[in-house]
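K.L.:
Shown below is the structure under consideration.
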Amino acid sequence: MATQKGKKTVLKFDSEEDVSKALAKYTADLSEKFIKQKGSFTVVLSGGSLIDTMRKLVEPPNYKLALDGFLSKVPIPSSNIYAINDKESPEGAAADYEARLKKLVESKVLPLSAISGFPKFDLMLLGMGPDGHVASLFPSRPHRHEKERLVTFITDSPKPPPPRITFTFPVINSASEIAMVVTGAELANMVDVALGNAPPPDGIPPPCTEVSAEEELTWFLDKDAASKLQTSG
C-alpha cells in the first residue's frame with residue numbers, strides 16, 4: 001500500500017442522493033478555497049457513474065447559492081477543459097495528453113509536487129470498480145505499476161471500452177485532495193478491502209488500496225457501499 005501522505009476521512013450517507021449533495025458542496029467549497037488561495041482551481045474528473053453523482057453541482061435548487069454566488073462568476077473557458085483526443089490511437093492520445101500536462105507545468109498553471117515531483121492537481125474525483133480498479137488502472141494490468149509516465153494507455157481493458165488512457169498513480173497520488181466516490185451494494189466488499197478491514201480475495205492488494213492524497217483523501221459512501229464496514233468496525 002502506498003504511504004499515506006495526508007489524512008483519510010470516510011463519510012457515510014444514507015443514499016446516493018445524499019452523496020451527490022455532499023459531493024457538490026465539497027467541490028464548491030474546495031473551488032472557493034483554492035481560487036482564494038492562488039486564483040485557480042485544477043480538478044480531474046474520471047468517468048463512469050461518478051459523472052452522474054456530480055449532477056448536484058449544476059442542479060438547482062441544490063447549492064443554488066453556491067452556483068449563483070460563486071461558481072457562475074468563475075466560468076470555465078473551453079480552452080481550460082482538457083478532454084481526451086479520441087481521434088488518436090490509444091498510444092497517441094496518451095502521448096498527446098501527457099504533452100499537454102507538461103505544457104501546463106511549463107506555463108506554471110500546474111505546479112509540481114514537492115513530494116513526488118509530478119504535476120499536482122488540486123482535486124481528483126475518482127470512482128472505483130468491483131475489482132478495485134480506479135481511473136483505468138486495473139488489477140490485472142501492469143499499468144498500475146507505472147512509475148515514470150504521467151499518462152498511460154491500454155488496448156485490452158477488462159471493462160468496455162477496451163481502449164483507454166489513464167493518469168498513472170504518481171500523478172493521482174500527487175493531488176492535494178482526492179474524493180473517492182463509491183455507491184451501491186455491489187461495491188461493499190471492495191470498500192471493505194480498500195479501507196483495510198478485509199483481505200483482498202486473491203491475496204493481492206487491488207489498485208484502490210494504493211490511492212493516497214498529499215493533503216486529504218475523502219471517501220464518499222452511501223449506506224449500501226458502506227454496509228460491510230458496519231460489521232468490521
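Residues are referred to by chain and number: the chain letter is A, B, ... according to the order shown in the C-alpha cells, the number counts from 1 in that chain, and ligands are numbered separately from 1 in the order shown.
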Please identify all polymer residues within 8 Å of stretch 219-223 of chain A, counting only C-alpha atoms, omitting same-chain residues fewer than 3 positions from it, and present them as a list in words.

P.N.:
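Counting only C-alpha atoms, the residues come to Lys8, Thr9, Val10, Leu11, Lys12, Phe13, Asp14, Ser15, Glu16, Asp18, Val19, Leu23, Ala179, Met180, Val181, Val182, Thr183, Gly184, Ala226 and Ser227 of chain A.
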
K.L.:
Can you tell me, as a PyMOL selection string, what residues are no more than 7 Å from stretch 106-110 of chain A when counting only C-alpha atoms, ignoring any on the same chain fewer than 4 positions away?

P.N.:
chain A and resi 102+119-121

K.L.:
Just want the 12 Å neighbourhood of A:Pro111, counted on only C-alpha atoms, with same-chain residues fewer than 3 positions away dropped. Output as a PyMOL selection string.

P.N.:
chain A and resi 38+40-42+101-108+114-122+171+174-176

K.L.:
Would you write out those residues with C-alpha atoms, as a PDB file, in the first residue's frame?

P.N.:
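Now in again.pdb:
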```
ATOM      1  CA  LYS A  38      -3.986  31.063  -5.697  1.00  0.00           C
ATOM      2  CA  SER A  40      -7.231  28.944  -9.878  1.00  0.00           C
ATOM      3  CA  PHE A  41      -8.694  25.504  -9.245  1.00  0.00           C
ATOM      4  CA  THR A  42      -7.492  22.415 -11.102  1.00  0.00           C
ATOM      5  CA  LEU A 101       0.148  18.295 -18.989  1.00  0.00           C
ATOM      6  CA  LYS A 102       3.826  19.113 -19.407  1.00  0.00           C
ATOM      7  CA  LYS A 103       2.907  22.368 -21.146  1.00  0.00           C
ATOM      8  CA  LEU A 104       0.649  23.265 -18.217  1.00  0.00           C
ATOM      9  CA  VAL A 105       3.603  22.690 -15.896  1.00  0.00           C
ATOM     10  CA  GLU A 106       5.900  24.786 -18.103  1.00  0.00           C
ATOM     11  CA  SER A 107       3.375  27.635 -18.119  1.00  0.00           C
ATOM     12  CA  LYS A 108       3.025  27.453 -14.316  1.00  0.00           C
ATOM     13  CA  ALA A 114       7.333  18.933  -3.672  1.00  0.00           C
ATOM     14  CA  ILE A 115       6.927  15.338  -2.511  1.00  0.00           C
ATOM     15  CA  SER A 116       6.783  13.397  -5.783  1.00  0.00           C
ATOM     16  CA  GLY A 117       7.965  15.814  -8.455  1.00  0.00           C
ATOM     17  CA  PHE A 118       4.882  15.022 -10.543  1.00  0.00           C
ATOM     18  CA  PRO A 119       2.169  17.511 -11.603  1.00  0.00           C
ATOM     19  CA  LYS A 120      -0.074  18.391  -8.679  1.00  0.00           C
ATOM     20  CA  PHE A 121      -3.799  18.897  -9.210  1.00  0.00           C
ATOM     21  CA  ASP A 122      -5.958  20.481  -6.540  1.00  0.00           C
ATOM     22  CA  VAL A 171       0.003  11.777 -10.818  1.00  0.00           C
ATOM     23  CA  SER A 174       0.259  13.865  -6.096  1.00  0.00           C
ATOM     24  CA  ALA A 175      -3.149  15.585  -5.909  1.00  0.00           C
ATOM     25  CA  SER A 176      -3.751  17.815  -2.952  1.00  0.00           C
TER      26      SER A 176
END
```

K.L.:
In Å, with one decimal, what is the gap from atom CA of A:Leu137 to atom CA of A:Glu210?

P.N.:
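Distance reported for this atom pair: 10.7 Å.
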
K.L.:
Write out as a tab-separated table (two decimals) with C-alpha atoms, in the first residue's frame all residues of stretch 2-231 of chain A that backbone DSSP assigns to strand (DSSP E).

P.N.:
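The resulting file, selection_36.tsv, is shown below:
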```tsv
chain	number	residue	atom	x	y	z
A	7	LYS	CA	-5.37	12.48	6.13
A	8	LYS	CA	-8.00	9.91	5.24
A	9	THR	CA	-11.65	10.61	6.01
A	10	VAL	CA	-14.57	8.24	5.47
A	11	LEU	CA	-18.01	9.82	5.09
A	12	LYS	CA	-21.14	7.65	5.08
A	13	PHE	CA	-24.51	8.81	3.76
A	43	VAL	CA	-9.73	19.37	-11.00
A	44	VAL	CA	-9.68	15.94	-12.63
A	45	LEU	CA	-12.96	14.14	-13.24
A	123	LEU	CA	-8.65	17.79	-6.70
A	124	MET	CA	-9.02	14.33	-8.19
A	125	LEU	CA	-12.56	12.92	-8.33
A	126	LEU	CA	-12.39	9.15	-8.59
A	151	VAL	CA	-0.40	9.19	-18.69
A	152	THR	CA	-0.53	5.63	-19.98
A	153	PHE	CA	-2.83	3.64	-22.25
A	154	ILE	CA	-4.35	0.19	-22.55
A	164	ARG	CA	-8.44	3.69	-22.72
A	165	ILE	CA	-5.94	6.22	-21.46
A	166	THR	CA	-5.42	6.99	-17.80
A	167	PHE	CA	-3.39	9.03	-15.37
A	177	GLU	CA	-7.24	16.39	-2.39
A	178	ILE	CA	-8.84	13.18	-3.65
A	179	ALA	CA	-12.51	12.24	-3.42
A	180	MET	CA	-13.26	8.52	-3.77
A	181	VAL	CA	-16.96	8.34	-4.59
A	182	VAL	CA	-18.48	4.88	-4.22
A	216	GLU	CA	-6.65	14.57	2.32
A	217	LEU	CA	-8.32	11.52	0.80
A	218	THR	CA	-12.07	11.61	1.42
A	219	TRP	CA	-14.31	8.61	0.83
A	220	PHE	CA	-17.93	9.37	-0.02
A	221	LEU	CA	-20.02	6.23	0.57
A	222	ASP	CA	-23.74	5.55	0.54
```

K.L.:
Can you tell me which residues surround stretch 138-141 of chain A at a distance of at most 7 Å, considering only C-alpha atoms, apart from same-chain residues fewer than 3 positions away, and format the answer as a PyMOL selection string?

P.N.:
chain A and resi 133+144+206-207

K.L.:
Choose the residue, out of A:Glu17, A:Glu215, A:Asp96, A:Glu186, that has the smallest atom-to-atom separation from A:Met54; count only C-alpha atoms.

P.N.:
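For A:Met54, the nearest of the given residues is A:Glu17.
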
K.L.:
Identify, on the basis of only C-alpha atoms, every residue whose closest approach to A:Cys208 does not exceed 8 Å; exclude the query and any residue fewer than 3 positions from it along the same chain; express the result as an MDAnalysis selection string.

P.N.:
chainID A and resid 128 132:134 194 211

K.L.:
As a JSON list (two decimals) with C-alpha atoms, in the first residue's frame, please: every residue in stretch 79-108 of chain A that DSSP puts in helix (DSSP H, G or I).

P.N.:
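Once written, part-v7.json looks like this:
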```
[["chain", "number", "residue", "atom", "x", "y", "z"],
["A", 79, "SER", "CA", -9.69, 26.27, -23.55],
["A", 80, "ASN", "CA", -9.29, 25.28, -19.90],
["A", 90, "PRO", "CA", -4.75, 5.00, -27.52],
["A", 91, "GLU", "CA", -0.97, 5.40, -27.62],
["A", 92, "GLY", "CA", -1.24, 8.70, -29.48],
["A", 93, "ALA", "CA", -3.95, 10.01, -27.18],
["A", 94, "ALA", "CA", -1.86, 9.19, -24.10],
["A", 95, "ALA", "CA", 1.21, 10.90, -25.58],
["A", 96, "ASP", "CA", -0.89, 13.93, -26.56],
["A", 97, "TYR", "CA", -2.40, 14.23, -23.08],
["A", 98, "GLU", "CA", 0.97, 13.86, -21.38],
["A", 99, "ALA", "CA", 2.41, 16.59, -23.61],
["A", 100, "ARG", "CA", -0.46, 18.91, -22.69],
["A", 101, "LEU", "CA", 0.15, 18.30, -18.99],
["A", 102, "LYS", "CA", 3.83, 19.11, -19.41],
["A", 103, "LYS", "CA", 2.91, 22.37, -21.15],
["A", 104, "LEU", "CA", 0.65, 23.26, -18.22],
["A", 105, "VAL", "CA", 3.60, 22.69, -15.90],
["A", 106, "GLU", "CA", 5.90, 24.79, -18.10]]
```
